[in-house]
>>> print(open('start12.cif').read())   # mmCIF, C-alpha atoms (C1' of nucleotides)
data_start
#
loop_
_atom_site.label_atom_id
_atom_site.label_comp_id
_atom_site.auth_asym_id
_atom_site.auth_seq_id
_atom_site.Cartn_x
_atom_site.Cartn_y
_atom_site.Cartn_z
CA MET C 12 0.00 0.00 0.00
CA ASP C 13 1.21 3.45 -0.94
CA ARG C 14 2.92 5.26 1.89
CA ARG C 15 0.75 8.32 1.25
CA GLN C 16 -2.41 6.32 1.59
CA LYS C 17 -1.36 4.80 4.89
CA LYS C 18 -0.44 8.26 6.13
CA THR C 19 -3.80 9.85 5.34
CA ARG C 20 -5.74 6.86 6.60
CA LYS C 21 -3.90 7.07 9.88
CA ALA C 22 -4.56 10.82 10.01
CA ILE C 23 -8.27 10.24 9.47
CA TYR C 24 -8.49 7.52 12.10
CA GLY C 25 -6.60 9.66 14.56
CA ALA C 26 -8.73 12.71 13.94
CA PHE C 27 -11.88 10.67 14.22
CA THR C 28 -11.05 9.09 17.57
CA ARG C 29 -9.75 12.38 18.91
CA LEU C 30 -12.92 14.23 17.95
CA LEU C 31 -15.17 11.52 19.37
CA GLU C 32 -13.73 12.16 22.81
CA THR C 33 -15.27 15.63 22.92
CA LYS C 34 -18.08 15.68 20.36
CA SER C 35 -20.92 13.28 19.64
CA TYR C 36 -20.91 11.19 16.51
CA SER C 37 -24.00 12.74 14.94
CA SER C 38 -22.86 16.29 15.58
CA LEU C 39 -19.52 15.49 13.99
CA THR C 40 -19.31 16.67 10.38
CA VAL C 41 -17.09 15.33 7.66
CA GLN C 42 -15.57 18.79 7.51
CA ASP C 43 -14.59 18.53 11.18
CA ILE C 44 -12.73 15.33 10.45
CA ILE C 45 -11.09 16.84 7.38
CA ASP C 46 -9.93 19.88 9.35
CA GLU C 47 -8.67 17.85 12.29
CA ALA C 48 -6.90 15.38 10.02
CA ASP C 49 -5.60 18.31 7.96
CA ILE C 50 -6.31 16.76 4.59
CA GLY C 51 -8.13 17.84 1.45
CA ARG C 52 -11.83 17.37 1.09
CA SER C 53 -11.62 15.15 -1.96
CA THR C 54 -9.00 13.06 -0.21
CA PHE C 55 -11.41 12.04 2.50
CA TYR C 56 -13.99 10.96 -0.04
CA ALA C 57 -11.34 9.04 -1.95
CA HIS C 58 -10.93 6.89 1.15
CA PHE C 59 -14.44 6.66 2.61
CA GLU C 60 -17.78 7.23 0.97
CA THR C 61 -19.48 8.40 4.16
CA LYS C 62 -18.87 9.06 7.82
CA ASP C 63 -20.71 5.84 8.63
CA GLU C 64 -18.37 3.85 6.46
CA LEU C 65 -15.42 5.33 8.29
CA LEU C 66 -16.86 4.19 11.59
CA ARG C 67 -17.57 0.80 10.12
CA ALA C 68 -14.02 0.47 8.82
CA MET C 69 -12.58 1.45 12.19
CA CYS C 70 -14.73 -1.05 14.01
CA THR C 71 -13.68 -3.79 11.65
CA ASP C 72 -10.04 -2.92 12.18
CA ILE C 73 -10.36 -2.99 15.94
CA PHE C 74 -12.33 -6.21 16.11
CA ASP C 75 -10.17 -8.01 13.62
CA HIS C 76 -7.38 -7.44 16.07
CA VAL C 77 -9.34 -8.19 19.22
CA PHE C 78 -10.78 -11.42 17.89
CA SER C 79 -7.89 -12.47 15.70
CA ASP C 80 -6.79 -15.50 17.78
CA GLU C 81 -10.30 -16.20 18.94
CA ILE C 82 -11.57 -16.74 15.45
CA MET C 83 -8.51 -18.77 14.58
CA GLY C 84 -9.06 -20.90 17.65
CA GLU C 85 -5.59 -20.40 19.00
CA ALA C 86 -4.53 -18.58 22.15
CA HIS C 87 -1.31 -16.66 22.54
CA HIS C 88 -1.95 -15.81 26.14
CA ASP C 89 -1.28 -18.41 28.78
CA PHE C 90 -4.55 -20.23 28.35
CA SER C 91 -3.41 -22.76 25.79
CA ASP C 92 -3.46 -25.58 28.37
CA ARG C 93 -7.13 -25.51 29.36
CA ASN C 94 -9.27 -23.89 26.70
CA SER C 95 -12.17 -23.22 28.95
CA PHE C 96 -14.79 -20.79 27.76
CA ARG C 97 -14.04 -18.46 30.62
CA ASP C 98 -10.42 -18.25 29.59
CA HIS C 99 -11.43 -17.31 26.08
CA ILE C 100 -13.63 -14.53 27.37
CA THR C 101 -10.91 -13.19 29.62
CA HIS C 102 -8.59 -13.38 26.66
CA ILE C 103 -10.89 -11.12 24.65
CA LEU C 104 -11.01 -8.67 27.54
CA TYR C 105 -7.23 -8.48 27.55
CA HIS C 106 -7.20 -7.68 23.87
CA LEU C 107 -9.85 -5.03 24.37
CA SER C 108 -7.87 -3.34 27.09
CA GLU C 109 -4.99 -3.06 24.64
CA GLU C 110 -7.21 -1.14 22.26
CA GLN C 111 -8.43 1.34 24.84
CA HIS C 112 -6.90 4.30 23.05
CA SER C 113 -9.07 3.78 20.00
CA ILE C 114 -12.30 2.71 21.66
CA ARG C 115 -12.42 5.22 24.48
CA GLY C 116 -14.68 7.70 22.66
CA ILE C 117 -16.44 5.12 20.58
CA PHE C 118 -18.46 3.46 23.31
CA SER C 119 -20.32 6.51 24.48
CA GLY C 120 -22.56 8.57 22.29
CA GLU C 121 -24.58 7.41 19.35
CA CYS C 122 -21.82 5.61 17.51
CA GLY C 123 -21.75 3.33 20.52
CA GLU C 124 -24.73 1.60 19.01
CA VAL C 125 -22.94 0.92 15.74
CA PHE C 126 -19.92 -0.27 17.64
CA MET C 127 -22.01 -2.51 19.86
CA ARG C 128 -23.81 -4.00 16.88
CA PHE C 129 -20.46 -4.97 15.37
CA PHE C 130 -19.18 -6.22 18.65
CA ARG C 131 -22.17 -8.46 19.07
CA GLU C 132 -21.77 -9.94 15.60
CA TYR C 133 -18.31 -11.14 16.53
CA LEU C 134 -19.44 -12.27 19.96
CA TYR C 135 -22.20 -14.41 18.48
CA LYS C 136 -19.60 -16.48 16.69
CA VAL C 137 -17.62 -16.93 19.87
CA PHE C 138 -20.57 -17.79 22.10
CA GLU C 139 -22.54 -19.90 19.68
CA SER C 140 -20.36 -22.97 19.73
CA ARG C 141 -19.71 -22.81 23.47
CA LEU C 142 -23.26 -22.42 24.69
CA THR C 143 -24.29 -25.43 26.75
CA ASP C 144 -27.61 -27.14 26.04
CA ASP C 145 -29.77 -26.84 29.07
CA GLY C 146 -33.24 -26.23 30.42
CA ASP C 147 -36.43 -25.22 28.72
CA ILE C 148 -35.37 -21.72 27.78
CA PRO C 149 -35.07 -21.18 24.03
CA ARG C 150 -31.48 -21.50 22.91
CA GLU C 151 -32.00 -18.37 20.83
CA TYR C 152 -32.81 -16.37 23.94
CA ARG C 153 -29.96 -17.80 25.95
CA LEU C 154 -27.49 -16.94 23.20
CA ASP C 155 -28.85 -13.40 22.91
CA HIS C 156 -28.73 -12.94 26.64
CA ALA C 157 -25.18 -14.19 27.01
CA VAL C 158 -23.96 -11.99 24.17
CA SER C 159 -25.90 -8.90 25.25
CA SER C 160 -24.79 -9.20 28.83
CA PHE C 161 -21.18 -9.50 27.85
CA ALA C 162 -21.32 -6.62 25.39
CA GLU C 163 -22.97 -4.41 27.99
CA THR C 164 -20.44 -5.50 30.58
CA VAL C 165 -17.66 -4.30 28.30
CA ARG C 166 -19.48 -1.05 27.66
CA TRP C 167 -19.79 -0.51 31.40
CA TRP C 168 -16.13 -1.32 31.84
CA GLN C 169 -14.91 1.00 29.11
CA SER C 170 -17.07 3.97 29.97
CA GLY C 171 -16.08 5.12 33.40
CA HIS C 172 -14.88 1.94 35.10
CA SER C 173 -11.72 1.08 33.24
CA GLY C 174 -9.88 0.75 36.54
CA TYR C 175 -10.91 -2.90 36.84
CA THR C 176 -8.68 -5.58 35.38
CA PRO C 177 -9.83 -7.96 32.64
CA ASP C 178 -9.87 -10.79 35.21
CA GLU C 179 -12.12 -8.86 37.57
CA ILE C 180 -14.52 -7.99 34.75
CA SER C 181 -14.58 -11.61 33.68
CA ARG C 182 -15.46 -12.66 37.20
CA PHE C 183 -18.22 -10.07 37.49
CA TYR C 184 -19.70 -11.34 34.27
CA PHE C 185 -19.59 -15.06 35.03
CA GLU C 186 -20.96 -14.56 38.51
CA SER C 187 -23.89 -12.48 37.25
CA VAL C 188 -25.06 -14.55 34.32
CA ARG C 189 -26.18 -18.18 34.27
CA ILE C 190 -24.54 -19.93 31.35
CA MET U 17 -55.84 20.93 24.84
CA ASP U 18 -57.16 22.24 21.55
CA ARG U 19 -58.81 19.57 19.44
CA ARG U 20 -56.72 20.68 16.45
CA GLN U 21 -53.48 20.19 18.35
CA LYS U 22 -54.45 16.73 19.52
CA LYS U 23 -55.37 15.84 15.96
CA THR U 24 -52.08 16.91 14.39
CA ARG U 25 -50.06 15.40 17.21
CA LYS U 26 -51.82 12.11 16.70
CA ALA U 27 -51.22 12.38 12.94
CA ILE U 28 -47.51 12.97 13.52
CA TYR U 29 -47.16 10.09 15.98
CA GLY U 30 -49.03 7.81 13.63
CA ALA U 31 -46.98 8.79 10.61
CA PHE U 32 -43.78 8.38 12.58
CA THR U 33 -44.49 4.88 13.84
CA ARG U 34 -45.82 3.83 10.44
CA LEU U 35 -42.72 5.07 8.65
CA LEU U 36 -40.38 3.45 11.16
CA GLU U 37 -41.73 0.05 10.22
CA THR U 38 -40.27 0.33 6.73
CA LYS U 39 -37.53 2.97 6.87
CA SER U 40 -34.68 3.53 9.27
CA TYR U 41 -34.71 6.46 11.66
CA SER U 42 -31.70 8.25 10.22
CA SER U 43 -32.90 7.92 6.63
CA LEU U 44 -36.24 9.35 7.65
CA THR U 45 -36.58 13.04 6.83
CA VAL U 46 -38.85 15.55 8.48
CA GLN U 47 -40.46 15.99 5.08
CA ASP U 48 -41.32 12.29 5.00
CA ILE U 49 -43.14 12.63 8.29
CA ILE U 50 -44.90 15.79 7.12
CA ASP U 51 -46.05 14.11 3.93
CA GLU U 52 -47.18 10.93 5.66
CA ALA U 53 -48.99 12.90 8.36
CA ASP U 54 -50.39 15.20 5.70
CA ILE U 55 -49.74 18.41 7.56
CA GLY U 56 -48.05 21.71 6.77
CA ARG U 57 -44.34 22.13 7.20
CA SER U 58 -44.55 24.92 9.74
CA THR U 59 -47.09 22.89 11.69
CA PHE U 60 -44.58 20.17 12.38
CA TYR U 61 -42.07 22.67 13.67
CA ALA U 62 -44.74 24.30 15.80
CA HIS U 63 -45.01 20.97 17.66
CA PHE U 64 -41.46 19.63 17.64
CA GLU U 65 -38.18 21.42 17.20
CA THR U 66 -36.43 18.43 15.67
CA LYS U 67 -36.95 14.82 14.68
CA ASP U 68 -35.02 13.78 17.76
CA GLU U 69 -37.37 15.67 20.01
CA LEU U 70 -40.31 13.89 18.40
CA LEU U 71 -38.76 10.53 19.19
CA ARG U 72 -38.02 11.69 22.69
CA ALA U 73 -41.61 12.84 23.20
CA MET U 74 -42.97 9.55 21.93
CA CYS U 75 -40.72 7.55 24.22
CA THR U 76 -41.77 9.63 27.19
CA ASP U 77 -45.42 9.08 26.34
CA ILE U 78 -45.01 5.34 26.05
CA PHE U 79 -42.95 4.93 29.21
CA ASP U 80 -45.15 7.19 31.28
CA HIS U 81 -47.88 4.72 30.56
CA VAL U 82 -45.84 1.57 30.96
CA PHE U 83 -44.35 2.64 34.27
CA SER U 84 -47.29 4.63 35.59
CA ASP U 85 -48.22 2.26 38.44
CA GLU U 86 -44.65 1.14 38.96
CA ILE U 87 -43.49 4.61 39.80
CA MET U 88 -46.51 5.16 41.99
CA GLY U 89 -45.75 1.96 43.82
CA GLU U 90 -49.21 0.53 43.32
CA ALA U 91 -50.25 -2.46 41.24
CA HIS U 92 -53.51 -2.71 39.38
CA HIS U 93 -52.85 -6.17 38.13
CA ASP U 94 -53.41 -9.09 40.47
CA PHE U 95 -50.06 -8.78 42.21
CA SER U 96 -51.17 -6.59 45.08
CA ASP U 97 -50.97 -9.50 47.57
CA ARG U 98 -47.30 -10.38 47.26
CA ASN U 99 -45.30 -7.47 45.88
CA SER U 100 -42.33 -9.54 44.94
CA PHE U 101 -39.84 -8.02 42.57
CA ARG U 102 -40.59 -10.64 39.97
CA ASP U 103 -44.25 -9.67 39.97
CA HIS U 104 -43.34 -6.08 39.33
CA ILE U 105 -41.19 -7.03 36.39
CA THR U 106 -43.90 -9.22 34.91
CA HIS U 107 -46.27 -6.34 35.44
CA ILE U 108 -44.08 -4.07 33.33
CA LEU U 109 -43.95 -6.70 30.61
CA TYR U 110 -47.73 -6.81 30.50
CA HIS U 111 -47.87 -3.06 30.07
CA LEU U 112 -45.29 -3.24 27.32
CA SER U 113 -47.24 -5.84 25.41
CA GLU U 114 -50.18 -3.45 25.44
CA GLU U 115 -48.05 -0.85 23.70
CA GLN U 116 -46.83 -3.15 20.96
CA HIS U 117 -48.48 -1.14 18.19
CA SER U 118 -46.38 1.91 18.95
CA ILE U 119 -43.07 0.25 19.79
CA ARG U 120 -42.93 -2.31 17.01
CA GLY U 121 -40.79 -0.21 14.67
CA ILE U 122 -39.02 1.69 17.40
CA PHE U 123 -36.90 -1.14 18.75
CA SER U 124 -35.09 -1.98 15.56
CA GLY U 125 -32.94 0.47 13.66
CA GLU U 126 -30.97 3.34 15.09
CA CYS U 127 -33.72 4.91 17.12
CA GLY U 128 -33.67 1.71 19.11
CA GLU U 129 -30.69 3.14 20.93
CA VAL U 130 -32.55 6.28 21.95
CA PHE U 131 -35.49 4.19 23.01
CA MET U 132 -33.29 1.82 24.98
CA ARG U 133 -31.53 4.69 26.70
CA PHE U 134 -34.87 6.01 27.89
CA PHE U 135 -36.06 2.60 28.85
CA ARG U 136 -33.01 2.05 30.96
CA GLU U 137 -33.46 5.34 32.78
CA TYR U 138 -36.87 4.21 33.97
CA LEU U 139 -35.62 0.72 34.74
CA TYR U 140 -32.84 2.06 36.95
CA LYS U 141 -35.42 3.57 39.24
CA VAL U 142 -37.33 0.31 39.42
CA PHE U 143 -34.29 -1.91 39.99
CA GLU U 144 -32.33 0.34 42.27
CA SER U 145 -34.42 -0.06 45.38
CA ARG U 146 -34.97 -3.79 44.88
CA LEU U 147 -31.41 -4.88 44.28
CA THR U 148 -30.25 -7.20 47.04
CA ASP U 149 -26.90 -6.55 48.71
CA ASP U 150 -24.66 -9.47 48.07
CA GLY U 151 -21.18 -10.66 47.26
CA ASP U 152 -18.07 -8.78 46.33
CA ILE U 153 -19.24 -7.55 42.98
CA PRO U 154 -19.65 -3.75 42.80
CA ARG U 155 -23.26 -2.80 43.32
CA GLU U 156 -22.89 -0.39 40.40
CA TYR U 157 -22.05 -3.26 38.10
CA ARG U 158 -24.81 -5.49 39.36
CA LEU U 159 -27.37 -2.74 38.85
CA ASP U 160 -26.11 -2.06 35.34
CA HIS U 161 -26.15 -5.73 34.52
CA ALA U 162 -29.67 -6.33 35.81
CA VAL U 163 -31.01 -3.32 33.93
CA SER U 164 -29.12 -4.03 30.70
CA SER U 165 -30.14 -7.66 30.68
CA PHE U 166 -33.76 -6.81 31.17
CA ALA U 167 -33.76 -4.08 28.53
CA GLU U 168 -32.11 -6.41 26.04
CA THR U 169 -34.55 -9.15 26.93
CA VAL U 170 -37.41 -6.86 26.03
CA ARG U 171 -35.69 -5.85 22.82
CA TRP U 172 -35.30 -9.52 21.90
CA TRP U 173 -38.93 -10.14 22.75
CA GLN U 174 -40.28 -7.22 20.74
CA SER U 175 -38.18 -7.72 17.66
CA GLY U 176 -39.10 -11.06 16.22
CA HIS U 177 -40.17 -13.09 19.23
CA SER U 178 -43.37 -11.42 20.35
CA GLY U 179 -45.12 -14.79 20.39
CA TYR U 180 -43.98 -15.41 23.96
CA THR U 181 -46.17 -14.28 26.84
CA PRO U 182 -45.02 -11.74 29.45
CA ASP U 183 -44.85 -14.57 32.00
CA GLU U 184 -42.59 -16.66 29.80
CA ILE U 185 -40.29 -13.71 29.15
CA SER U 186 -40.16 -13.00 32.85
CA ARG U 187 -39.18 -16.61 33.54
CA PHE U 188 -36.47 -16.54 30.86
CA TYR U 189 -35.03 -13.43 32.41
CA PHE U 190 -35.03 -14.54 36.03
CA GLU U 191 -33.58 -17.93 35.17
CA SER U 192 -30.75 -16.38 33.15
CA VAL U 193 -29.59 -13.63 35.47
CA ARG U 194 -28.39 -13.90 39.05
CA ILE U 195 -30.06 -11.20 41.10
"C1'" DT M 30 13.48 9.61 -16.34
"C1'" DA M 31 8.71 8.72 -17.48
"C1'" DA M 32 4.29 7.12 -16.16
"C1'" DT M 33 1.30 6.47 -12.55
"C1'" DT M 34 -1.01 7.52 -8.47
"C1'" DA M 35 -2.44 10.33 -4.56
"C1'" DC M 36 -3.22 14.78 -2.67
"C1'" DA M 37 -4.95 19.82 -2.14
"C1'" DG M 38 -8.49 22.76 -2.62
"C1'" DA M 39 -11.73 25.52 -5.17
"C1'" DA M 40 -16.09 25.44 -7.38
"C1'" DC M 41 -20.31 23.32 -7.95
"C1'" DA M 42 -24.84 20.74 -7.44
"C1'" DT M 43 -28.04 18.83 -4.23
"C1'" DA M 44 -30.59 17.80 -0.14
"C1'" DT M 45 -32.36 18.71 4.31
"C1'" DA M 46 -33.15 21.60 8.24
"C1'" DG M 47 -35.28 25.18 10.28
"C1'" DT M 48 -37.56 30.09 9.92
"C1'" DT M 49 -40.78 33.64 8.45
"C1'" DC M 50 -45.04 35.33 7.14
"C1'" DG M 51 -49.61 36.30 5.19
"C1'" DG M 52 -53.88 34.14 4.59
"C1'" DT M 53 -57.53 30.87 6.19
"C1'" DA M 54 -60.03 27.79 9.18
"C1'" DT M 55 -61.28 26.44 13.78
"C1'" DC M 56 -61.94 26.99 18.54
"C1'" DT M 57 -63.17 29.69 22.77
"C1'" DT M 58 -65.44 33.00 25.41
"C1'" DA M 59 -67.91 36.96 26.56
"C1'" DT O 13 -73.49 34.52 18.01
"C1'" DA O 14 -70.03 37.74 17.29
"C1'" DA O 15 -65.15 38.76 18.17
"C1'" DG O 16 -60.76 37.67 19.44
"C1'" DA O 17 -57.43 34.19 19.91
"C1'" DT O 18 -55.16 30.27 18.26
"C1'" DA O 19 -53.73 26.70 15.10
"C1'" DC O 20 -52.99 25.32 10.50
"C1'" DC O 21 -51.36 25.72 5.57
"C1'" DG O 22 -47.83 26.38 2.37
"C1'" DA O 23 -44.74 29.15 -0.24
"C1'" DA O 24 -40.43 31.38 -0.02
"C1'" DC O 25 -36.18 31.91 2.09
"C1'" DT O 26 -31.62 31.10 4.64
"C1'" DA O 27 -28.22 28.15 6.26
"C1'" DT O 28 -25.59 24.11 6.50
"C1'" DA O 29 -23.76 19.67 5.24
"C1'" DT O 30 -23.05 16.31 1.70
"C1'" DG O 31 -20.91 14.51 -2.14
"C1'" DT O 32 -18.75 15.40 -6.96
"C1'" DT O 33 -15.69 17.28 -10.40
"C1'" DC O 34 -11.65 19.20 -12.03
"C1'" DT O 35 -6.97 21.20 -12.33
"C1'" DG O 36 -2.48 21.64 -10.87
"C1'" DT O 37 1.18 19.64 -7.93
"C1'" DA O 38 3.88 16.38 -5.34
"C1'" DA O 39 5.15 11.74 -4.23
"C1'" DT O 40 5.80 6.95 -5.71
"C1'" DT O 41 7.03 3.28 -8.73
"C1'" DA O 42 8.88 0.83 -12.74
#
>>> encode(input="start12.cif", output="structure tokens")
Amino acid sequence: MDRRQKKTRKAIYGAFTRLLETKSYSSLTVQDIIDEADIGRSTFYAHFETKDELLRAMCTDIFDHVFSDEIMGEAHHDFSDRNSFRDHITHILYHLSEEQHSIRGIFSGECGEVFMRFFREYLYKVFESRLTDDGDIPREYRLDHAVSSFAETVRWWQSGHSGYTPDEISRFYFESVRI
Amino acid sequence: MDRRQKKTRKAIYGAFTRLLETKSYSSLTVQDIIDEADIGRSTFYAHFETKDELLRAMCTDIFDHVFSDEIMGEAHHDFSDRNSFRDHITHILYHLSEEQHSIRGIFSGECGEVFMRFFREYLYKVFESRLTDDGDIPREYRLDHAVSSFAETVRWWQSGHSGYTPDEISRFYFESVRI
DNA sequence: TAATTACAGAACATATAGTTCGGTATCTTA
DNA sequence: TAAGATACCGAACTATATGTTCTGTAATTA
């Protein structure tokens, strides 16, 4: 990839995350991003068709990193011995904490919804295969509940309670939800 | 209130909910609502400053009804004998099912987030006083988790699974979350 | 070195939001 | 029921943001 392209893309991403820390997504104009990134107007549109697509691209980038090993089924962190579900979840939390700089502003505000929708798509894949069969509650509901609860747990963690460690958050989650 | 005002307000609400069943909130223009409601442009703005405020007003209307007895602390439905927390929750679900016509389109799409945010505000009040003290998990987290899980349960129910009864949904919830 | 590709930025077309205002219909009240 | 108040209609207008096009320039690549 052309060095110039990487440079502008990085500038756009940076400007976007920086702006999201002070302004809300909907009140953010493309011009704001252009000014903050210090690029030409046509350059922005050469990279992204809309503001929404920019958000989408950023989410994809972040999650591809966060879930990279998860999707592959391998674990770099020290959980390779016992691949328990709980370890996988904690693993994801560790990855998320490494991406704090980019997701700080993204969770709050209206783009939080877009972000959460993406997040849940990935989480479905992770939870689906691990969900135990049990009881007379529809599997569909149980899956939705497990995913929603986890996504909301992360939202809670990342918006105002980032002092807790991934292990603590994992414990909170597994002690609050019946899986 | 002037009969004319009630009439236009009803027309706007109706048009809004009708449109939300086929189009997404963000792609919905004020002009769309005006055309569907068959009113004058200035009339819309005489009632609501923005599209967001319209959504906000509708949410308030719906929730004021759904939570009316809850906030008052009284129960019209047959739960007056044993005011257990679970009865209260089921009570709310019954009220919600009565409002299905207006909330059908509101849960899906982007306005779902606005709706959910409102919903959660009301739910916090209901859950806060009933939350048992227990364990070494921060009360703040447990409250957030209980509220989020319930809100998401209702979202799941109202978007594609409205065949279940309020009692069933209540059971699903209480058997999935540790409160 | 030559061809390609990306960028800057001005100019432009379009769409939507929100306001203003004069005329008309409807409601209220004295 | 007559008069004053209030709400509605809708056209015209301003303002703002979006997205496109084009030309000249600088960086990259072969």
>>> interface_residues(input="start12.cif", of="chain U", to="chain C", cutoff="6 Å", atoms="only C-alpha atoms", output="compact mmCIF listing (two decimals) with C-alpha atoms, keeping the file's coordinate frame")
# COMPACT_ATOMS: atom_id res chain seq x y z
CA SER U 165 -30.14 -7.66 30.68
CA SER U 192 -30.75 -16.38 33.15
CA VAL U 193 -29.59 -13.63 35.47
CA ARG U 194 -28.39 -13.90 39.05
>>> atom_distance(input="start12.cif", atom1="CA of Arg25 in chain U", atom2="CA of Glu137 in chain U")
24.9 Å
>>> resolve_selection(input="start12.cif", expression="the PyMOL selection byres ((chain O) within 8 of (chain U))", output="PyMOL selection string")
chain O and resi 19-22
>>> interface_residues(input="start12.cif", of="chain M", to="chain C", cutoff="7 Å", atoms="all atoms listed in the file", output="short mmCIF file (atom, residue, chain, number, x, y, z; two decimals) with C-alpha atoms (C1' of nucleotides), in the coordinates of the input")
data_model
loop_
_atom_site.label_atom_id
_atom_site.label_comp_id
_atom_site.auth_asym_id
_atom_site.auth_seq_id
_atom_site.Cartn_x
_atom_site.Cartn_y
_atom_site.Cartn_z
"C1'" DA M 35 -2.44 10.33 -4.56
"C1'" DC M 36 -3.22 14.78 -2.67
"C1'" DA M 37 -4.95 19.82 -2.14
"C1'" DG M 38 -8.49 22.76 -2.62
#
>>> atom_distance(input="start12.cif", atom1="C1' of DA46 in chain M", atom2="CA of Glu52 in chain U")
17.8 Å
>>> resolve_selection(input="start12.cif", expression="the PyMOL selection byres ((chain O and resi 25-42) around 12)", output="count of residues only")
44
>>> atom_distance(input="start12.cif", atom1="CA of Arg146 in chain U", atom2="CA of Gly174 in chain C")
26.8 Å
>>> residues_around(input="start12.cif", residues="Thr28 in chain C", least_positions_apart="5", cutoff="8 Å", atoms="all atoms listed in the file", output="VMD selection string")
chain C and resid 113 to 114 116 to 117
>>> resolve_selection(input="start12.cif", expression="the PyMOL selection byres ((chain O and resi 16) around 10)", output="compact mmCIF listing (two decimals) with C-alpha atoms (C1' of nucleotides), in the coordinates of the input")
# COMPACT_ATOMS: atom_id res chain seq x y z
C1' DT M 57 -63.17 29.69 22.77
C1' DT M 58 -65.44 33.00 25.41
C1' DA O 14 -70.03 37.74 17.29
C1' DA O 15 -65.15 38.76 18.17
C1' DA O 17 -57.43 34.19 19.91
C1' DT O 18 -55.16 30.27 18.26
